[in-house]
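So this one's protein-v4.txt, compact mmCIF, C-alpha atoms and all ligand atoms:
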# COMPACT_ATOMS: atom_id res chain seq x y z
CA GLN A 200 -6.52 16.44 7.64
CA VAL A 201 -9.06 15.75 4.90
CA MET A 202 -12.23 14.25 6.37
CA PHE A 203 -14.70 12.20 4.39
CA ARG A 204 -18.11 13.79 4.98
CA ASP A 205 -20.78 11.26 4.06
CA PHE A 206 -21.59 8.42 1.69
CA LEU A 207 -22.33 9.32 -1.92
CA ALA A 208 -25.42 8.06 -3.66
CA LYS A 209 -24.88 5.54 -6.43
CA GLY A 210 -24.46 7.47 -9.64
CA ALA A 211 -23.27 10.65 -7.91
CA PHE A 212 -20.20 12.33 -9.35
CA PRO A 213 -17.75 12.99 -6.46
CA LYS A 214 -17.31 16.64 -5.48
CA GLU A 215 -14.71 18.54 -3.51
CA SER A 216 -17.39 19.26 -0.90
CA ASP A 217 -17.71 15.52 -0.18
CA MET A 218 -14.48 16.09 1.75
CA GLU A 219 -13.62 18.73 4.32
CA VAL A 220 -10.30 20.07 5.53
CA THR A 221 -10.20 20.15 9.34
CA GLU A 222 -7.60 20.39 12.09
CA SER A 223 -7.06 18.15 15.07
CA THR A 224 -4.20 16.95 17.22
CA ILE A 225 -2.87 13.42 17.44
CA GLU A 226 -2.72 11.81 20.88
CA LEU A 227 0.38 9.64 20.90
CA THR A 228 -0.48 7.81 24.15
CA SER A 229 0.95 4.31 24.11
CA ALA A 230 0.24 3.80 20.39
CA VAL A 231 3.91 4.00 19.45
CA ALA A 232 5.39 2.52 22.61
CA GLU A 233 7.97 -0.20 22.03
CA GLY A 234 6.27 -3.45 21.04
CA SER A 235 2.97 -1.70 20.20
CA LYS A 236 3.53 -2.10 16.43
CA GLY A 237 2.27 1.45 15.90
CA VAL A 238 4.16 4.13 13.98
CA LEU A 239 3.74 7.88 13.78
CA VAL A 240 4.52 9.19 10.31
CA LYS A 241 4.80 12.54 8.61
CA ASN A 242 3.04 12.25 5.25
CA LEU A 243 5.02 13.62 2.31
CA TYR A 244 3.10 12.56 -0.82
CA LEU A 245 -0.41 11.19 -1.22
CA SER A 246 -1.79 9.26 -4.15
CA CYS A 247 -5.12 10.02 -5.85
CA ASP A 248 -6.67 6.80 -7.17
CA PRO A 249 -9.96 6.09 -8.95
CA TYR A 250 -10.83 3.21 -6.56
CA MET A 251 -11.27 5.85 -3.82
CA ARG A 252 -14.62 6.75 -5.43
CA ILE A 253 -15.79 3.19 -4.76
CA ARG A 254 -14.87 3.68 -1.11
CA MET A 255 -17.13 6.75 -0.94
CA GLN A 256 -20.17 4.56 -1.31
CA LYS A 257 -21.97 2.63 1.40
CA LEU A 258 -21.84 -1.07 0.71
CA THR A 259 -25.03 -2.95 1.32
CA ASP A 260 -23.21 -6.22 0.66
CA PRO A 261 -19.44 -6.50 1.36
CA ALA A 262 -19.14 -8.66 -1.77
CA GLU A 263 -20.00 -5.52 -3.80
CA SER A 264 -16.42 -4.29 -3.50
CA TYR A 265 -12.94 -5.58 -2.86
CA ILE A 266 -12.23 -2.75 -0.45
CA ALA A 267 -14.01 -1.26 2.58
CA SER A 268 -15.85 2.06 2.44
CA PHE A 269 -14.49 5.22 4.01
CA GLN A 270 -16.01 6.06 7.38
CA PRO A 271 -17.98 9.34 7.42
CA GLY A 272 -16.30 11.78 9.80
CA SER A 273 -12.93 10.02 9.51
CA PRO A 274 -9.94 11.01 7.41
CA VAL A 275 -9.75 9.82 3.83
CA THR A 276 -7.16 7.06 3.54
CA GLY A 277 -5.06 5.96 0.62
CA PHE A 278 -1.56 5.21 -0.57
CA GLY A 279 1.22 7.60 0.26
CA VAL A 280 4.87 8.15 1.03
CA ALA A 281 5.82 9.11 4.57
CA ARG A 282 8.67 9.48 7.01
CA VAL A 283 8.59 7.60 10.32
CA LEU A 284 8.81 9.97 13.30
CA GLU A 285 8.22 7.48 16.12
CA SER A 286 7.99 3.72 15.98
CA GLY A 287 6.94 0.91 18.26
CA HIS A 288 7.21 -1.55 15.41
CA PRO A 289 10.31 -3.75 15.16
CA ASN A 290 10.53 -3.37 11.36
CA PHE A 291 10.48 0.42 11.28
CA LYS A 292 12.67 2.96 12.98
CA LYS A 293 12.65 6.73 13.34
CA GLY A 294 13.76 8.35 10.08
CA ASP A 295 12.72 5.48 7.78
CA LEU A 296 10.91 6.35 4.59
CA VAL A 297 7.92 4.16 3.81
CA TRP A 298 5.15 3.80 1.24
CA GLY A 299 1.77 2.22 1.80
CA LEU A 300 -1.65 2.95 3.22
CA THR A 301 -1.84 6.13 5.25
CA GLY A 302 -4.25 8.96 6.07
CA TRP A 303 -4.91 12.19 4.19
CA GLU A 304 -3.31 14.08 7.05
CA GLU A 305 -0.10 15.92 7.77
CA TYR A 306 0.72 13.31 10.41
CA SER A 307 -0.78 9.84 10.80
CA LEU A 308 -0.71 7.27 13.50
CA LEU A 309 -0.64 3.95 11.71
CA PRO A 310 -1.58 1.13 14.05
CA VAL A 311 -0.89 -1.73 11.64
CA PRO A 312 1.89 -0.78 9.25
CA GLU A 313 1.97 -4.24 7.64
CA THR A 314 0.67 -2.45 4.55
CA CYS A 315 3.84 -0.32 4.48
CA PHE A 316 7.02 -1.03 2.57
CA LYS A 317 10.30 0.49 3.66
CA ILE A 318 11.81 2.63 0.88
CA GLU A 319 15.36 1.43 0.34
CA HIS A 320 16.16 3.37 -2.84
CA THR A 321 16.04 7.12 -2.34
CA ASP A 322 18.07 8.20 -5.37
CA ILE A 323 14.87 8.53 -7.39
CA PRO A 324 11.99 10.95 -6.77
CA LEU A 325 10.16 9.83 -3.63
CA SER A 326 6.81 10.65 -5.22
CA TYR A 327 7.40 7.73 -7.64
CA TYR A 328 6.48 5.43 -4.74
CA THR A 329 2.88 6.63 -5.10
CA GLY A 330 2.87 5.50 -8.75
CA LEU A 331 5.63 4.02 -10.87
CA LEU A 332 7.31 2.23 -7.94
CA GLY A 333 4.13 1.81 -5.89
CA MET A 334 0.69 0.35 -6.30
CA SER A 335 0.09 1.73 -9.83
CA GLY A 336 3.30 0.19 -11.14
CA LEU A 337 2.65 -3.13 -9.50
CA THR A 338 -0.84 -3.08 -11.05
CA ALA A 339 0.54 -2.59 -14.54
CA TYR A 340 3.07 -5.35 -14.00
CA ALA A 341 0.58 -7.82 -12.53
CA GLY A 342 -2.08 -7.22 -15.15
CA PHE A 343 0.12 -7.27 -18.19
CA ILE A 344 2.95 -9.64 -17.39
CA GLU A 345 1.31 -12.04 -14.94
CA LEU A 346 -2.17 -12.20 -16.40
CA CYS A 347 -1.58 -11.65 -20.10
CA SER A 348 1.82 -13.33 -20.66
CA PRO A 349 2.71 -11.21 -23.72
CA LYS A 350 4.45 -12.97 -26.55
CA LYS A 351 6.70 -11.74 -29.32
CA GLY A 352 4.86 -9.84 -32.04
CA GLU A 353 1.53 -9.50 -30.24
CA THR A 354 -0.73 -6.46 -30.50
CA VAL A 355 -1.66 -4.59 -27.31
CA PHE A 356 -4.34 -2.00 -26.60
CA VAL A 357 -4.42 0.10 -23.40
CA SER A 358 -7.26 2.46 -22.40
CA ALA A 359 -6.77 5.46 -20.02
CA ALA A 360 -3.27 5.01 -21.35
CA SER A 361 -1.67 8.22 -20.12
CA GLY A 362 -2.76 7.65 -16.51
CA ALA A 363 -0.90 6.27 -13.53
CA VAL A 364 -1.28 2.63 -14.53
CA GLY A 365 -1.73 2.96 -18.29
CA GLN A 366 1.50 4.81 -18.99
CA LEU A 367 3.33 1.94 -17.34
CA VAL A 368 1.63 -0.70 -19.41
CA GLY A 369 2.58 1.20 -22.49
CA GLN A 370 5.98 2.19 -21.34
CA LEU A 371 7.69 0.00 -18.82
CA VAL A 372 5.59 -2.84 -19.82
CA GLY A 373 5.35 -1.25 -23.24
CA GLN A 374 9.13 -1.11 -23.21
CA LEU A 375 9.06 -4.77 -22.41
CA ALA A 376 6.42 -5.23 -25.05
CA LYS A 377 8.87 -3.70 -27.46
CA LEU A 378 11.50 -6.15 -26.30
CA PHE A 379 8.96 -8.80 -27.07
CA GLY A 380 8.37 -7.09 -30.41
CA CYS A 381 4.83 -6.10 -29.47
CA TYR A 382 2.83 -3.26 -31.01
CA VAL A 383 1.20 -0.99 -28.41
CA VAL A 384 -1.65 1.47 -28.96
CA GLY A 385 -3.20 3.66 -26.25
CA SER A 386 -6.38 5.72 -26.00
CA ALA A 387 -6.75 8.88 -23.93
CA GLY A 388 -9.08 11.87 -23.63
CA SER A 389 -7.15 14.84 -25.06
CA LYS A 390 -4.68 15.83 -27.76
CA GLU A 391 -2.09 16.67 -25.11
CA LYS A 392 -2.34 13.14 -23.71
CA VAL A 393 -2.24 11.53 -27.16
CA ASP A 394 0.93 13.49 -28.01
CA LEU A 395 2.45 12.41 -24.72
CA LEU A 396 1.73 8.77 -25.45
CA LYS A 397 3.29 8.89 -28.90
CA ASN A 398 6.21 11.23 -28.22
CA LYS A 399 7.25 10.51 -24.66
CA LEU A 400 5.74 7.29 -23.40
CA GLY A 401 6.78 4.90 -26.14
CA PHE A 402 3.40 4.00 -27.61
CA ASP A 403 3.43 3.10 -31.31
CA GLU A 404 0.10 4.83 -31.85
CA ALA A 405 -2.49 6.64 -29.77
CA PHE A 406 -5.90 8.20 -30.32
CA ASN A 407 -8.36 10.50 -28.55
CA TYR A 408 -11.41 8.36 -27.82
CA LYS A 409 -13.54 11.49 -27.36
CA GLU A 410 -13.05 12.36 -31.01
CA GLU A 411 -14.01 8.94 -32.34
CA SER A 412 -17.71 8.62 -33.13
CA ASN A 413 -17.19 4.92 -33.91
CA LEU A 414 -14.76 3.19 -31.55
CA ASP A 415 -15.04 -0.08 -33.45
CA ALA A 416 -13.87 1.66 -36.64
CA ALA A 417 -11.05 3.38 -34.73
CA LEU A 418 -9.79 0.07 -33.37
CA LYS A 419 -9.99 -1.52 -36.82
CA ARG A 420 -7.85 1.34 -38.12
CA TYR A 421 -5.09 0.63 -35.58
CA PHE A 422 -5.53 -3.13 -35.37
CA PRO A 423 -6.48 -4.40 -38.84
CA GLU A 424 -5.51 -7.93 -37.76
CA GLY A 425 -7.11 -7.62 -34.30
CA ILE A 426 -5.97 -7.24 -30.68
CA ASP A 427 -4.11 -9.94 -28.75
CA ILE A 428 -4.06 -8.18 -25.38
CA TYR A 429 -6.38 -5.53 -23.99
CA PHE A 430 -5.46 -3.80 -20.71
CA GLU A 431 -8.87 -2.61 -19.53
CA ASN A 432 -9.03 0.59 -17.47
CA VAL A 433 -12.32 2.16 -18.53
CA GLY A 434 -15.09 -0.36 -19.37
CA GLY A 435 -18.38 0.58 -21.06
CA LYS A 436 -18.41 1.42 -24.76
CA THR A 437 -14.66 0.92 -25.09
CA LEU A 438 -14.87 -2.63 -23.80
CA ASP A 439 -17.76 -3.38 -26.14
CA ALA A 440 -15.80 -2.14 -29.14
CA VAL A 441 -12.67 -4.02 -28.06
CA LEU A 442 -14.61 -7.28 -27.79
CA LEU A 443 -15.46 -6.99 -31.49
CA ASN A 444 -11.76 -6.67 -32.31
CA MET A 445 -10.10 -9.36 -30.19
CA LYS A 446 -8.05 -12.02 -31.92
CA LEU A 447 -8.38 -15.74 -31.39
CA HIS A 448 -6.97 -16.67 -27.94
CA GLY A 449 -6.72 -13.01 -26.93
CA ARG A 450 -6.44 -11.95 -23.30
CA ILE A 451 -8.17 -9.12 -21.48
CA ALA A 452 -6.81 -8.00 -18.10
CA VAL A 453 -9.68 -6.22 -16.36
CA CYS A 454 -7.88 -3.67 -14.22
CA GLY A 455 -10.61 -1.06 -13.82
CA MET A 456 -13.74 0.45 -15.36
CA ILE A 457 -13.58 4.12 -14.46
CA SER A 458 -16.34 5.08 -16.91
CA GLN A 459 -18.77 3.09 -14.75
CA TYR A 460 -17.87 4.27 -11.24
CA ASN A 461 -20.22 7.27 -11.24
CA LEU A 462 -23.18 5.60 -12.93
CA GLU A 463 -26.25 4.51 -11.05
CA GLN A 464 -26.45 1.39 -13.19
CA PRO A 465 -23.41 0.06 -15.09
CA GLU A 466 -23.83 0.20 -18.86
CA GLY A 467 -24.69 -3.07 -20.53
CA VAL A 468 -21.94 -4.86 -22.45
CA HIS A 469 -23.36 -6.36 -25.61
CA ASN A 470 -20.55 -8.24 -27.28
CA LEU A 471 -19.60 -10.80 -24.63
CA MET A 472 -20.35 -13.68 -27.01
CA GLN A 473 -17.11 -12.73 -28.76
CA LEU A 474 -15.33 -14.31 -25.80
CA ILE A 475 -16.63 -17.67 -26.91
CA ALA A 476 -16.18 -17.20 -30.63
CA LYS A 477 -12.58 -15.96 -30.19
CA GLN A 478 -11.79 -18.11 -27.15
CA VAL A 479 -10.70 -14.99 -25.29
CA ARG A 480 -9.71 -15.11 -21.62
CA MET A 481 -10.99 -12.09 -19.69
CA GLU A 482 -9.84 -11.88 -16.09
CA GLY A 483 -10.23 -9.31 -13.34
CA PHE A 484 -7.47 -8.83 -10.79
CA ASN A 485 -6.60 -6.90 -7.66
CA ALA A 486 -3.10 -5.48 -7.34
CA LEU A 487 -3.17 -6.14 -3.59
CA ASP A 488 -3.01 -9.86 -4.34
CA TYR A 489 0.37 -9.33 -6.00
CA TYR A 490 2.25 -7.65 -3.15
CA HIS A 491 4.47 -10.74 -2.90
CA LEU A 492 5.79 -9.92 -6.39
CA TYR A 493 6.81 -6.38 -5.39
CA PRO A 494 10.53 -7.21 -4.96
CA LYS A 495 10.59 -8.93 -8.38
CA PHE A 496 8.79 -5.98 -9.93
CA LEU A 497 11.19 -3.49 -8.32
CA GLU A 498 14.18 -5.41 -9.58
CA MET A 499 12.82 -5.11 -13.09
CA VAL A 500 11.83 -1.42 -12.94
CA LEU A 501 14.53 0.22 -10.84
CA PRO A 502 17.50 -0.06 -13.21
CA PRO A 503 15.73 1.41 -16.27
CA THR A 504 14.18 4.11 -14.04
CA LYS A 505 17.57 5.14 -12.68
CA GLU A 506 19.03 5.12 -16.19
CA GLY A 507 16.20 7.34 -17.43
CA ARG A 508 14.91 4.72 -19.83
CA ILE A 509 11.54 4.83 -18.13
CA VAL A 510 9.84 8.20 -18.11
CA TYR A 511 7.06 8.68 -15.60
CA VAL A 512 4.67 11.59 -15.94
CA GLU A 513 3.22 13.01 -12.75
CA ASP A 514 0.66 15.71 -12.13
CA THR A 515 1.42 17.18 -8.71
CA VAL A 516 -0.73 19.54 -6.67
CA GLU A 517 0.80 21.17 -3.64
CA ARG A 518 -0.79 21.19 -0.17
CA LEU A 519 -3.20 18.78 1.43
CA GLU A 520 -6.15 21.17 1.10
CA ASN A 521 -5.91 20.85 -2.70
CA GLY A 522 -6.19 17.05 -2.47
CA PRO A 523 -10.00 16.82 -2.79
CA ALA A 524 -10.03 18.79 -6.07
CA ALA A 525 -7.20 16.64 -7.42
CA LEU A 526 -9.01 13.43 -6.50
CA VAL A 527 -12.28 14.56 -8.05
CA GLY A 528 -10.39 15.64 -11.18
CA LEU A 529 -9.56 12.03 -12.03
CA PHE A 530 -13.15 11.54 -13.13
CA SER A 531 -13.06 14.31 -15.71
CA GLY A 532 -9.57 13.47 -16.92
CA ARG A 533 -8.09 16.67 -15.47
CA ASN A 534 -4.91 14.84 -14.48
CA VAL A 535 -2.13 14.38 -16.99
CA GLY A 536 -0.23 11.38 -15.66
CA LYS A 537 -0.16 10.13 -12.10
CA GLN A 538 -2.08 12.45 -9.78
CA VAL A 539 -0.01 13.18 -6.68
CA VAL A 540 -0.59 15.49 -3.70
CA LEU A 541 2.56 16.99 -2.22
CA VAL A 542 1.92 17.42 1.51
CA ALA A 543 5.44 18.21 2.71
CA ARG A 544 8.87 18.07 1.09
CA GLU A 545 10.59 16.38 4.06
P1 LIG B 1 -5.58 7.51 -14.06
O1 LIG B 1 -4.34 8.20 -13.64
O2 LIG B 1 -5.61 6.88 -15.39
O3 LIG B 1 -6.79 8.56 -13.93
C1 LIG B 1 -8.03 8.29 -14.38
C2 LIG B 1 -8.19 8.61 -15.89
O4 LIG B 1 -9.31 7.90 -16.38
C3 LIG B 1 -8.50 10.07 -16.17
O5 LIG B 1 -7.33 10.86 -16.23
C4 LIG B 1 -9.22 9.99 -17.49
O6 LIG B 1 -8.27 10.04 -18.55
C5 LIG B 1 -9.83 8.58 -17.48
N1 LIG B 1 -11.29 8.67 -17.36
C6 LIG B 1 -12.00 9.33 -16.42
N2 LIG B 1 -13.32 9.18 -16.64
C7 LIG B 1 -13.43 8.43 -17.77
C8 LIG B 1 -14.53 7.94 -18.53
N3 LIG B 1 -15.80 8.20 -18.17
N4 LIG B 1 -14.27 7.22 -19.65
C9 LIG B 1 -13.00 6.95 -20.02
N5 LIG B 1 -11.92 7.39 -19.35
C10 LIG B 1 -12.14 8.10 -18.23
O7 LIG B 1 -5.97 6.39 -13.01
P2 LIG B 1 -5.16 5.04 -12.71
O8 LIG B 1 -4.16 4.80 -13.77
O9 LIG B 1 -4.74 5.09 -11.31
O10 LIG B 1 -6.31 3.93 -12.84
C11 LIG B 1 -6.69 3.41 -14.10
C12 LIG B 1 -7.70 2.30 -13.89
O11 LIG B 1 -7.09 1.24 -13.17
C13 LIG B 1 -8.92 2.71 -13.08
O12 LIG B 1 -10.06 2.11 -13.63
C14 LIG B 1 -8.63 2.15 -11.70
O13 LIG B 1 -9.80 1.92 -10.96
C15 LIG B 1 -7.90 0.88 -12.06
N6 LIG B 1 -7.01 0.32 -11.02
C16 LIG B 1 -7.19 -0.99 -10.66
C17 LIG B 1 -6.36 -1.59 -9.80
C18 LIG B 1 -6.54 -3.04 -9.50
O14 LIG B 1 -5.91 -3.55 -8.57
N7 LIG B 1 -7.35 -3.75 -10.24
C19 LIG B 1 -5.27 -0.85 -9.13
C20 LIG B 1 -5.13 0.52 -9.62
C21 LIG B 1 -5.98 1.07 -10.52
P3 LIG B 1 -8.72 10.49 -20.05
O15 LIG B 1 -8.43 11.95 -20.13
O16 LIG B 1 -7.85 9.64 -20.90
O17 LIG B 1 -10.19 10.21 -20.18
For this file, produce the structure as structure tokens.
Amino acid sequence: QVMFRDFLAKGAFPKESDMEVTESTIELTSAVAEGSKGVLVKNLYLSCDPYMRIRMQKLTDPAESYIASFQPGSPVTGFGVARVLESGHPNFKKGDLVWGLTGWEEYSLLPVPETCFKIEHTDIPLSYYTGLLGMSGLTAYAGFIELCSPKKGETVFVSAASGAVGQLVGQLVGQLAKLFGCYVVGSAGSKEKVDLLKNKLGFDEAFNYKEESNLDAALKRYFPEGIDIYFENVGGKTLDAVLLNMKLHGRIAVCGMISQYNLEQPEGVHNLMQLIAKQVRMEGFNALDYYHLYPKFLEMVLPPTKEGRIVYVEDTVERLENGPAALVGLFSGRNVGKQVVLVARE
């Protein structure tokens, strides 16, 4: 298992050594007895997600975050795909495949598997349930479709566009955007990622934000008439530049602000008055509030995924002990696509 060692200071960049690989045995006791609601699972794939950095910090006020901190000395937890080995829960039986919250362990005892969905469709890569068909996909769907209500001909900008969520906004949702006749531009942090966006993931244009000394000028180049919808993944300077380029009645879905997670103090945003001038709606959201839409989302995404019309890029590391490095790598952009940890093939 991968244990979380101790809380990080605000502003500290996460390191591999903040986590430790240890061994222990699981006591089954009565945890999975019939009627106990517990399940024992074998973890197959684990998901690396930027919000896990927020969980590495001690919260002085629970209102500081939408999710509880990790417990020092306890295993890291997160989304994953697993097979049920024993079940005391009426909804799950031995052999079922599930995705949901689990531990960074080879085997986990999940006392409350209400956060688990049974995987009904196994004719697609199981790892997709950590991303495309899991929480990342639902996030893209909720933020773009539910919050932004894209309309025919609108212009869309996505930051961290080649990542787990972003590639969906540009692709699935970008595919939809194309159906709507939208124009989609993404930003990412390397040439490889920019090429991926343009050549594989269906973006109309893409640029490397690290090579742009003036983000405002870059956005004006791609959006001479302005931006209708901004899918916000990074915050900071990018958000400030976007605010200067929003169109009248634009919408900003605030999904995440990864550029701020390792700062002691968040950067100031200077152009908020543009929200008034342009009558822009800017709204934060939490994917966990949209679980009820998961069946609707799946219905929309499964057919094009099976037909190969949706391409999903994953970056997979093998073995649990390589999980900490993979997780930390999210914050330097080491991952190309959804970062997955393969724990066991079956
Ligand atoms: P990604 O797969 O996109 O991985 C993170 C990427 O962020 C990196 O690959 C890197 O790409 C980019 N990045 C890292 N540091 C910086 C920085 N300082 N400035 C700009 N970009 C940076 O992660 P996800 O797709 O899973 O998550 C994207 C965002 O969505 C995050 O902010 C996350 O917190 C948020 N999120 C929110 C949810 C919600 O419910 N609201 C649910 C899921 C995710 P690059 O090389 O392009 O810089």
Near-ligand residues for ligand LIG 1 (chain B), threshold 6 Å, only C-alpha atoms and all ligand atoms, as a compact mmCIF listing (two decimals) with C-alpha atoms, keeping the file's coordinate frame:
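selection.txt, written as the output of this step:
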# COMPACT_ATOMS: atom_id res chain seq x y z
CA ASP A 248 -6.67 6.80 -7.17
CA PRO A 249 -9.96 6.09 -8.95
CA TYR A 250 -10.83 3.21 -6.56
CA SER A 335 0.09 1.73 -9.83
CA THR A 338 -0.84 -3.08 -11.05
CA ALA A 359 -6.77 5.46 -20.02
CA GLY A 362 -2.76 7.65 -16.51
CA ALA A 363 -0.90 6.27 -13.53
CA VAL A 364 -1.28 2.63 -14.53
CA GLY A 365 -1.73 2.96 -18.29
CA ALA A 387 -6.75 8.88 -23.93
CA GLY A 388 -9.08 11.87 -23.63
CA SER A 389 -7.15 14.84 -25.06
CA ASN A 432 -9.03 0.59 -17.47
CA VAL A 433 -12.32 2.16 -18.53
CA CYS A 454 -7.88 -3.67 -14.22
CA GLY A 455 -10.61 -1.06 -13.82
CA MET A 456 -13.74 0.45 -15.36
CA ILE A 457 -13.58 4.12 -14.46
CA SER A 458 -16.34 5.08 -16.91
CA PHE A 484 -7.47 -8.83 -10.79
CA ASN A 485 -6.60 -6.90 -7.66
CA ALA A 486 -3.10 -5.48 -7.34
CA LEU A 529 -9.56 12.03 -12.03
CA PHE A 530 -13.15 11.54 -13.13
CA SER A 531 -13.06 14.31 -15.71
CA GLY A 532 -9.57 13.47 -16.92
CA ARG A 533 -8.09 16.67 -15.47
CA ASN A 534 -4.91 14.84 -14.48
CA GLY A 536 -0.23 11.38 -15.66
CA LYS A 537 -0.16 10.13 -12.10
- Query: In Å to one decimal, how far is atom CA of Tyr306 of chain A from atom CA of Asn242 of chain A?
  - Reply: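 Atom-to-atom, atom CA of Asn242 of chain A and atom CA of Tyr306 of chain A are spaced 5.8 Å apart.
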- Task: Extract, using only C-alpha atoms, all DNA, RNA and protein residues at most 10 Å from Ile475 of chain A, discarding same-chain residues fewer than 4 positions from it, and format them as a PyMOL selection string.
- Result: chain A and resi 447-448+471+479-480
- Using only C-alpha atoms: which of A:Ser412, A:Asn290, A:Ser273, A:Gln370 has the shortest distance to Arg508 of chain A: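 Smallest distance to Arg508 of chain A is found for A:Gln370.
Counting only C-alpha atoms, segment 208-213 of chain A has the following residues at most 6 Å away, ignoring those fewer than 5 positions along the same chain: Asn461, Leu462, Glu463 and Val527 of chain A.
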